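Student: This is the structure, below, for whatever I ask next.
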Amino acid sequence: MKREFYVVIERDEDGVYVGEVPQLAGCYSQGNTLDELMANIKEVIEMCLEEITDAEIWPEFVGVQKVMV
């Protein structure tokens, strides 16, 4: 069964794109372009999914909120 995941993307000080999947602990990757990042993050998601059993609870991703301080 296919699942849909959200990727939070930032660009670091060197211009490298860094992506993280909030629903999967420790699931993150990077790439020099957005296309490279997305290819890399798909591979990492597949690796993370191999370690998860069906009995585990899947956290619901609610969203991202900007906060000004």
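Residue numbers start at 1 in each chain; chains themselves are named A, B, ... in the order of the structure tokens; ligands are numbered from 1 in the order shown.
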For the interface of range 22-65 of chain A with range 4-13 of chain A (cut-off 9 Å, counting only C-alpha atoms), please tabulate each contacting residue of range 22-65 of chain A alongside its nearest pair of atoms and their separation in Å to one decimal, rows sorted by chain and increasing number, as JSON lines.
Tutor:
```
{"residue": "A:Pro22", "atom": "CA", "partner": "A:Val7", "partner_atom": "CA", "distance": 7.2}
{"residue": "A:Gln23", "atom": "CA", "partner": "A:Phe5", "partner_atom": "CA", "distance": 7.4}
{"residue": "A:Leu24", "atom": "CA", "partner": "A:Phe5", "partner_atom": "CA", "distance": 9.0}
{"residue": "A:Tyr28", "atom": "CA", "partner": "A:Val7", "partner_atom": "CA", "distance": 8.7}
{"residue": "A:Leu34", "atom": "CA", "partner": "A:Ile9", "partner_atom": "CA", "distance": 9.0}
{"residue": "A:Met38", "atom": "CA", "partner": "A:Val7", "partner_atom": "CA", "distance": 8.8}
{"residue": "A:Ile41", "atom": "CA", "partner": "A:Val7", "partner_atom": "CA", "distance": 8.3}
{"residue": "A:Ile45", "atom": "CA", "partner": "A:Phe5", "partner_atom": "CA", "distance": 8.7}
{"residue": "A:Phe61", "atom": "CA", "partner": "A:Tyr6", "partner_atom": "CA", "distance": 7.6}
{"residue": "A:Gly63", "atom": "CA", "partner": "A:Tyr6", "partner_atom": "CA", "distance": 8.9}
{"residue": "A:Val64", "atom": "CA", "partner": "A:Val8", "partner_atom": "CA", "distance": 8.5}
```
Student: Rank A:Ala25, A:Ala39, A:Val16, A:Met1 by their smallest atom-to-atom distance to Pro59 in chain A, using only C-alpha atoms, and report the top residue only.
Tutor: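 Result for the nearest residue to Pro59 in chain A: A:Ala25.
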Student: If you run DSSP on this backbone, which residues of chain A come out as alpha helix (DSSP H), and could you give them as a ChimeraX atom specification?
Tutor: /A:34-50
Student: Please provide as a list in words all residues within 12 Å of Lys42 in chain A, with the sequence filter that same-chain residues fewer than 6 positions apart are discarded (counting only C-alpha atoms).
Tutor: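 My list of contacting residues is Arg3, Glu4, Phe5, Tyr6, Val7, Gly19, Glu20, Val21, Cys27, Tyr28, Ser29, Gln30, Gly31, Asp35, Glu36, Cys48 and Leu49 of chain A.
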